[in-house]
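Asks: Pasting in a structure now, in structure tokens, and then I'll have a few things to ask.
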Amino acid sequence: MLQQSLGASLTTSGGKKNHYTLQPHTLESLQNCVSFCHNNHLPLQVGDLPLSSLYFSEKPRLILDVSSFNAVHHFPVDDLLITVDTGMTALELQKECEAQNLQYPLWFPDNWTQMDILLSDQPSLETGFLGYPRDTVTATEWLSPDGGISHYGGEVVKNVSGYDLNKCILGSHYQLGLITRATLKLAVPPEAEHHYWLEISSLEEGYGYYQSLSHADKSEGTTPFSLKRCELLFRNSHSSPGTNGLFFTLSDSLDSLEVQAKRLPGDVLKLSKASARKWMNTLMKQSSPIRRGENPLSKTHELTMTLEVCLPPLKVFKWLHSIVNRPEIKPFGLQWRMAAGLIYFHLSCLEDLSSFPFWFEQKEALYKHWGGTLRMIQAPDSQGQLMSELNQAPHPLTRQLMQQWVKTIDPHQIFTG
Amino acid sequence: MDVLEEAILEQFRTAVGERFVLSSPEERLVYDCDGCVLLKAIPQAIVLPKTTEEVSAVVKICHTHNIPFVARGAGTGLSGGALATEGGIIIALNRMDAIIEIDPVSRTATVEVGVVNAWLNREARPYGLFYAPDPSSQSACTLGGNIAENAGGIHCLKYGVTVDHILGLELVLPDGDVLWVGSQTRRIDGLNFLGTIVGSEGTFGIVTRAVVQLLPIPVHIHTMLLAFDDTAAACRCISAIIQRGIIPAALEFMDAFTVNAVNQAFSVGFPDSAEAVLLIELDDKTSLGLETSLEELLSVVAPFKPSQTQHAKTEEERVQLWKARKGAVAAYGRYLPAFYLHDCVIPRRHLATVLAQIIAIGQRHDVLIGNVFHAGDGNLHPNILFDPDNQAMMTRVLKAGEEILDACLTVGGVLSGEHGIGIEKSAYMSRLFTPEDLARMAGLKRLFDPKNLANPEKILPHRSSCGENNTATSISHPLFTQHGAWI
Ligand SMILES: Cc1cc2nc3c(=O)[nH]c(=O)nc-3n(C[C@H](O)[C@H](O)[C@H](O)COP(=O)(O)OP(=O)(O)OC[C@H]3O[C@@H](n4cnc5c(N)ncnc54)[C@H](O)[C@@H]3O)c2cc1C
Ligand SMILES: Cc1cc2nc3c(=O)[nH]c(=O)nc-3n(C[C@H](O)[C@H](O)[C@H](O)COP(=O)(O)OP(=O)(O)OC[C@H]3O[C@@H](n4cnc5c(N)ncnc54)[C@H](O)[C@@H]3O)c2cc1C
């Protein structure tokens with residue numbers, strides 16, 4: 001009966017008790033599903049973003065599957081824009097774009113949906129060079145928890161007509177509802193991309209190398225390095241000493257890449273496309289709360305914890321030095337998105353659960369003294385509540401106002417539990 | 001409206017000091033309009049605080065006595081945003097003009113909001129850094145006004161508008177409480193209130209301080225002028241450049257009328273016979289990179305057969321080109337004393353069609369229109385010139401403006417790209433948004449300002465808080481229907 005009245009199919013979910021998946025096929029049935037939960041105060045989980053305590057709780061819930069919403073709505077190729085339903089995956093989007101010799105500028109793992117990406121404003125490996133997902137959106141359709149729909153924006157690249165509702169909903173982690181449709185800015189793809197791996201033995205060495213890659217742009221008469229991604233990986237722990245290094249991508253015309261390659265140091269390893277793709281997948285999955293499939297760092301999510309720190313890029317190194325020897329973060333695996341000033345710490349929760357107070361402290365210090373941000377993006381299920389608390393905006397009044405806004409929009413907390 | 005009662009003025013004097021409360025008729029008259037000279041409203045007093053604490057104290061007094069307040073920077077806004085249309089006071093932020101810190105390592109500056117846009121650039125230059133958003137009014141407008149309007153500028157095509165460069169800010173809420181949003185990075189903690197406050201036109205409270213992002217000054221720059229005999233060809237050329245994936249630092253359009261005006265005003269020697277002129281600037285970190293993109297750009301442009309190509313060979317020549325562009329609006333003053341300016345943004349692919357419509361609208365209503373705009377963004381700037389003493393002309397000007405707006409909305413355009421809605425376009429909001437959209441916006445306004453004291457009646461059409469549709473169209477012109485004839 002429920003299926004009929006909502007116009008959506010209903011199945012039990014992956015063996016979990018009390019979890020049912022709803023799959024609507026039209027916007028109307030999606031609205032029905034959301035209003036149904038709103039009216040009945042039923043928790044509704046969407047996508048795979050464990051950023052609210054709902055995700056971790058054992059409460060009965062409906063899980064919304066938006067994979068049927070993957071159509072291209074409008075594609076004005078001349079304006080380098082595309083409007084899509086947000087159930088569309090990253091792979092589907094890239095395929096649509098490739099057919100017109102265009103690309104979405106940020107790369108994401110194949111099966112992530114636009115809804116996941118936009119609602120988490122997930123930084124990509126290119127973020128330091130090309131911005132955040134929110135920078136690529138010119139219009140959204142916003143489905144709020146009461147089933148109402150509002151719009152902002154258009155196929156225009158600049159807009160100050162009224163309050164920017166796009167900014168409200170992008171990155172809001174399902175707290176304010178769903179983005180059901182979005183207009184995205186596209187780019188002309190470079191002629192080629194070459195990927196490299198350079199082993200390093202210390203953070204200093206990696207940082208120095210990154211600097212030489214970026215500063216080389218300043219020397220006259222040489223082809224600048226057209227850096228598009230640069231990720232430093234470092235573990236100072238027990239196993240696999242061979243995995244410390246710098247993964248980077250240069251993108252340009254083939255001729256230019258050839259010239260650039262000659263200027264790279266001899267011990268740089270050129271990666272095949274397939275191997276680079278594997279790296280990119282791993283690096284993205286390790287550094288995101290989006291759980292579509294396994295996190296390669298740990299087969300069992302209970303065991304790892306990942307924290308993200310963002311600082312002005314040139315301050316990162318100094319800050320790292322100030323905390324690197326703290327017992328709370330040892331041993332650690334570190335992923336540093338250098339141009340964006342983003343650092344991801346991969347920690348073992350078995351050893352480091354007690355470090356939660358430390359991270360609360362660090363968040364405060366980062367905010368007050370370094371102008372930085374800190375959030376937890378992976379935590380053991382048992383720590384969902386603490387993680388939600390840690391991820392709030394640091395200024396108390398701002399936090400309060402945000403909570404009030406969420407409460408107004410989702411009074412029954414169907415999305416946040 | 002009358003001046004505020006003495007007892008309340010006294011409270012303001014206690015908060016900011018005797019000298020910084022203005023209340024005589026002459027003093028109040030100075031604040032009766034902004035850059036949109038069509039609209040006027042005399043405030044009940046003007047208060048000039050020096051610190052965030054003083055702003056907070058002033059706002060608290062307003063909150064207690066239910067007095068509306070309107071923030072004001074330099075008053076160069078073009079949508080009547082800084083007018084006290086509902087009575088109440090103007091809080092002028094010009095005394096909050098300190099550049100608190102320039103941090104070359106973070107590449108950020110912490111500023112008070114009364115700082116003039118161009119001052120920040122002057123101070124950042126020795127560090128090899130610059131603040132990218134560069135409205136043509138940058139020698140006068142304040143960063144507070146820029147934040148409130150999410151100002152754009154000539155170089156925003158490549159570098160982004162104000163919101164892309166504001167990392168954090170301090171906001172005095174309408175009850176006097178002070179909050180901070182953002183950090184020194186572009187990562188957003190919690191909901192993106194920062195992005196929503198930027199562009200909210202002073203309706204959420206008063207921004208008092210901001211952390212802005214600075215960028216390294218590009219070393220290699222090439223500026224050129226392309227003249228065309230055919231406006232449509234110039235528009236198609238713009239699309240072709242963008243489609244090729246070239247992002248110039250600036251890509252600006254001037255029509256024949258504007259070219260003549262700037263030639264007369266600045267003797268810049270732009271090609272007199274051209275129907276359209278494009279000003280294009282490329283920049284790059286290296287000379288080699290610049291050469292490559294210039295070569296590519298010229299190959300894209302060639303099929304559109306520009307009648308003339310001028311390259312700025314020296315820094316002086318480059319400065320002269322931009323001076324002419326930035327002074328275009330002033331140059332119109334040679335024809336008629338005032339202008340009414342729309343700044344709709346349209347999908348770039350419709351540029352040629354809509355420009356032709358604008359020209360036809362001007363002819364039909366017998367009004368002079370100069371087009372000088374941010375072409376790469378599709379951000380039109382039709383300047384409709386007028387004489388404020390000529391009532392018959394005024395009626396035609398307003399009608400032409402309304403038809404231009406409709407032409408833009410019909411092709412999927414939006415009301416404003418950088419000047420904001422203010423009071424001037426609020427009645428048009430219901431042509432772009434549904435009652436549900438407007439109700440959502442009204443909800444956000446209520447969250448920040450439940451008493452509706454911060455710059456009330458700007459942006460949202462009247463009654464939209466109840467989700468009702470505005471019916472301004474039924475009467476001759478929305479500017480008059482809402483607020484009576486102010487001209
Ligand atoms: C019980 C448990 C406890 C753990 N405790 C810790 C801990 O205390 N500290 C800790 O750092 N990790 C910890 N981890 C994570 C674990 O160490 C990872 O599985 C490890 O990064 C993979 O190394 P490997 O040599 O087994 O595999 P590899 O094959 O070397 O790597 C597996 C994948 O990880 C990626 N990778 C490798 N090195 C890095 C790096 N330096 N940074 C980012 N990505 C990289 C690669 O892309 C590869 O795809 C723990 C995991 C478990 C299950
Ligand atoms: C010749 C000319 C050229 C122009 N060119 C451009 C251009 O290229 N690009 C562009 O974007 N704009 C342009 N403008 C418009 C105008 O300069 C901008 O909108 C500018 O940002 C306004 O700044 P201001 O300090 O003059 O603000 P004001 O006009 O004083 O105020 C504008 C709005 O901001 C609010 N406000 C001001 N300060 C604060 C504060 N501290 N906190 C909260 N709200 C505040 C006011 O209440 C009002 O709603 C131009 C204007 C002129 C006259």
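How things are named: the first chain in the structure tokens is A, the next is B, and so on; residues count from 1 in each chain; ligands count from 1 in the order shown.
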Residues of chain B no more than 7 Å from chain A, counting only C-alpha atoms: send them over as a PyMOL selection string.

Replies: chain B and resi 105-106+150+179-181+183-185+187+189-193+195-196+199-200+243-245+285-286+288+345-349+377+412-418+420-421+436-437+441+447+459

Asks: Once DSSP has gone over the backbone, tell me which residues of stretch 1-216 of chain A are in helix (DSSP H, G or I), as JSON, numbers by chain.

Replies: {"A": [2, 3, 4, 5, 6, 27, 28, 29, 30, 31, 32, 33, 34, 35, 36, 37, 38, 39, 40, 53, 54, 55, 56, 77, 78, 79, 90, 91, 92, 93, 94, 95, 96, 97, 98, 114, 115, 116, 117, 118, 119, 120, 127, 128, 129, 130, 133, 134, 135, 136, 165, 166, 167, 168, 169, 203, 204, 205, 206, 207, 208, 209, 210, 211, 212, 213, 214, 215, 216]}

Asks: When you count only C-alpha atoms, which of these residues is closest to A:Asn40: A:Asp116, A:Asp146, A:Glu92, A:Asp255?

Replies: A:Asp146

Asks: Pick out the residues sitting within 10 Å of B:Arg236, and hand them over as a ChimeraX atom specification; count only C-alpha atoms, and ignore anything fewer than 5 positions along from it in its own chain.

Replies: /B:231,241,301,304,348-352

Asks: Save the residues we just selected, N, CA and C atoms, as an mmCIF file, in the first residue's frame?

Replies:
```cif
data_model
loop_
_atom_site.group_PDB
_atom_site.id
_atom_site.type_symbol
_atom_site.label_atom_id
_atom_site.label_comp_id
_atom_site.auth_asym_id
_atom_site.auth_seq_id
_atom_site.Cartn_x
_atom_site.Cartn_y
_atom_site.Cartn_z
ATOM 1 N N THR B 231 27.771 43.929 -34.813
ATOM 2 C CA THR B 231 27.600 43.583 -33.400
ATOM 3 C C THR B 231 27.438 42.077 -33.203
ATOM 4 N N ILE B 241 35.343 32.273 -28.047
ATOM 5 C CA ILE B 241 36.512 32.330 -27.150
ATOM 6 C C ILE B 241 36.258 31.439 -25.930
ATOM 7 N N VAL B 301 39.735 34.221 -32.931
ATOM 8 C CA VAL B 301 39.105 35.494 -33.298
ATOM 9 C C VAL B 301 39.089 35.708 -34.825
ATOM 10 N N PHE B 304 36.141 35.775 -37.314
ATOM 11 C CA PHE B 304 35.075 36.775 -37.109
ATOM 12 C C PHE B 304 35.456 38.134 -37.691
ATOM 13 N N ARG B 348 25.123 33.180 -22.266
ATOM 14 C CA ARG B 348 25.959 33.855 -23.265
ATOM 15 C C ARG B 348 25.496 33.622 -24.698
ATOM 16 N N ARG B 349 24.906 32.444 -24.942
ATOM 17 C CA ARG B 349 24.534 32.130 -26.319
ATOM 18 C C ARG B 349 23.465 33.075 -26.855
ATOM 19 N N HIS B 350 22.768 33.814 -25.967
ATOM 20 C CA HIS B 350 21.707 34.711 -26.416
ATOM 21 C C HIS B 350 22.168 36.163 -26.540
ATOM 22 N N LEU B 351 23.456 36.411 -26.383
ATOM 23 C CA LEU B 351 23.949 37.797 -26.370
ATOM 24 C C LEU B 351 23.525 38.592 -27.604
ATOM 25 N N ALA B 352 23.746 38.015 -28.798
ATOM 26 C CA ALA B 352 23.466 38.762 -30.034
ATOM 27 C C ALA B 352 21.982 39.108 -30.121
#
```

Asks: Please identify which residues in stretch 113-288 of chain A DSSP calls strand (DSSP E) from the backbone, and express them as an NGL selection string.

Replies: :A and (137-143 or 149-153 or 178-185 or 192-199 or 227-235 or 245-252 or 269-271)

Asks: Would you mind listing what lies within 6 Å of stretch 194-211 of chain A as a short mmCIF file (atom, residue, chain, number, x, y, z; two decimals) with all heavy atoms, in the first residue's frame, with only C-alpha atoms counted and same-chain residues fewer than 2 positions away left out?

Replies:
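Generated file (around_4.cif):
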```
data_model
loop_
_atom_site.label_atom_id
_atom_site.label_comp_id
_atom_site.auth_asym_id
_atom_site.auth_seq_id
_atom_site.Cartn_x
_atom_site.Cartn_y
_atom_site.Cartn_z
N LEU A 213 58.08 22.39 -7.98
CA LEU A 213 57.16 22.25 -9.12
C LEU A 213 56.37 23.54 -9.33
O LEU A 213 56.18 23.98 -10.45
CB LEU A 213 56.17 21.11 -8.88
CG LEU A 213 56.60 19.69 -9.18
CD1 LEU A 213 55.49 18.71 -8.84
CD2 LEU A 213 57.01 19.53 -10.64
N SER A 214 55.89 24.14 -8.24
CA SER A 214 55.08 25.35 -8.42
C SER A 214 55.92 26.57 -8.70
O SER A 214 55.55 27.40 -9.51
CB SER A 214 54.17 25.63 -7.21
OG SER A 214 54.30 24.67 -6.23
N HIS A 215 57.09 26.65 -8.05
CA HIS A 215 57.90 27.85 -8.26
C HIS A 215 58.62 27.85 -9.59
O HIS A 215 59.01 28.89 -10.07
CB HIS A 215 58.89 28.04 -7.12
CG HIS A 215 58.22 28.55 -5.90
ND1 HIS A 215 58.90 29.05 -4.84
CD2 HIS A 215 56.91 28.65 -5.59
CE1 HIS A 215 58.03 29.42 -3.91
NE2 HIS A 215 56.82 29.18 -4.36
N ASN A 244 55.52 6.04 0.89
CA ASN A 244 55.63 7.48 1.07
C ASN A 244 56.02 8.14 -0.25
O ASN A 244 57.03 7.77 -0.85
CB ASN A 244 56.69 7.82 2.12
CG ASN A 244 56.26 7.36 3.50
OD1 ASN A 244 55.06 7.15 3.72
ND2 ASN A 244 57.20 7.20 4.38
N GLY A 245 55.24 9.10 -0.66
CA GLY A 245 55.58 9.74 -1.94
C GLY A 245 54.61 10.80 -2.36
O GLY A 245 53.70 11.18 -1.62
N LEU A 246 54.85 11.28 -3.58
CA LEU A 246 54.06 12.36 -4.12
C LEU A 246 53.39 11.84 -5.40
O LEU A 246 54.06 11.35 -6.30
CB LEU A 246 55.02 13.49 -4.49
CG LEU A 246 54.60 14.92 -4.38
CD1 LEU A 246 54.22 15.27 -2.95
CD2 LEU A 246 55.77 15.81 -4.82
N PHE A 247 52.05 11.93 -5.43
CA PHE A 247 51.32 11.58 -6.64
C PHE A 247 50.94 12.89 -7.30
O PHE A 247 50.35 13.76 -6.65
CB PHE A 247 50.07 10.78 -6.28
CG PHE A 247 49.11 10.62 -7.44
CD1 PHE A 247 49.32 9.64 -8.40
CD2 PHE A 247 48.01 11.46 -7.58
CE1 PHE A 247 48.46 9.50 -9.48
CE2 PHE A 247 47.14 11.33 -8.65
CZ PHE A 247 47.37 10.34 -9.61
N PHE A 248 51.31 13.09 -8.56
CA PHE A 248 50.89 14.34 -9.20
C PHE A 248 50.54 14.16 -10.67
O PHE A 248 50.98 13.21 -11.32
CB PHE A 248 51.91 15.46 -8.98
CG PHE A 248 53.27 15.22 -9.57
CD1 PHE A 248 53.60 15.74 -10.81
CD2 PHE A 248 54.23 14.51 -8.87
CE1 PHE A 248 54.87 15.55 -11.35
CE2 PHE A 248 55.49 14.30 -9.40
CZ PHE A 248 55.81 14.81 -10.64
N THR A 249 49.72 15.10 -11.15
CA THR A 249 49.27 15.05 -12.54
C THR A 249 49.62 16.37 -13.21
O THR A 249 49.42 17.44 -12.63
CB THR A 249 47.73 14.90 -12.60
OG1 THR A 249 47.38 13.72 -11.90
CG2 THR A 249 47.24 14.80 -14.03
N LEU A 250 50.16 16.28 -14.42
CA LEU A 250 50.36 17.47 -15.24
C LEU A 250 49.37 17.39 -16.39
O LEU A 250 49.17 16.30 -16.96
CB LEU A 250 51.79 17.51 -15.78
CG LEU A 250 52.91 17.48 -14.73
CD1 LEU A 250 54.28 17.41 -15.43
CD2 LEU A 250 52.85 18.72 -13.85
N VAL A 268 61.57 10.12 -10.96
CA VAL A 268 60.10 10.18 -11.01
C VAL A 268 59.59 9.04 -11.88
O VAL A 268 60.14 8.74 -12.93
CB VAL A 268 59.66 11.55 -11.61
CG1 VAL A 268 58.25 11.47 -12.13
CG2 VAL A 268 59.77 12.63 -10.58
N LEU A 269 58.52 8.42 -11.38
CA LEU A 269 57.97 7.27 -12.10
C LEU A 269 56.72 7.71 -12.84
O LEU A 269 55.80 8.29 -12.23
CB LEU A 269 57.60 6.22 -11.05
CG LEU A 269 57.18 4.86 -11.53
CD1 LEU A 269 58.38 4.12 -12.11
CD2 LEU A 269 56.57 4.09 -10.36
N LYS A 270 56.67 7.48 -14.15
CA LYS A 270 55.45 7.82 -14.88
C LYS A 270 54.45 6.69 -14.72
O LYS A 270 54.78 5.53 -14.91
CB LYS A 270 55.78 8.06 -16.35
CG LYS A 270 54.58 8.55 -17.12
CD LYS A 270 54.96 9.25 -18.42
CE LYS A 270 53.67 9.63 -19.12
NZ LYS A 270 53.67 9.29 -20.51
N LEU A 271 53.23 7.03 -14.33
CA LEU A 271 52.22 6.00 -14.09
C LEU A 271 51.35 5.80 -15.31
O LEU A 271 51.07 6.76 -16.04
CB LEU A 271 51.33 6.40 -12.91
CG LEU A 271 52.02 6.65 -11.57
CD1 LEU A 271 51.03 7.23 -10.56
CD2 LEU A 271 52.61 5.35 -11.04
#
```
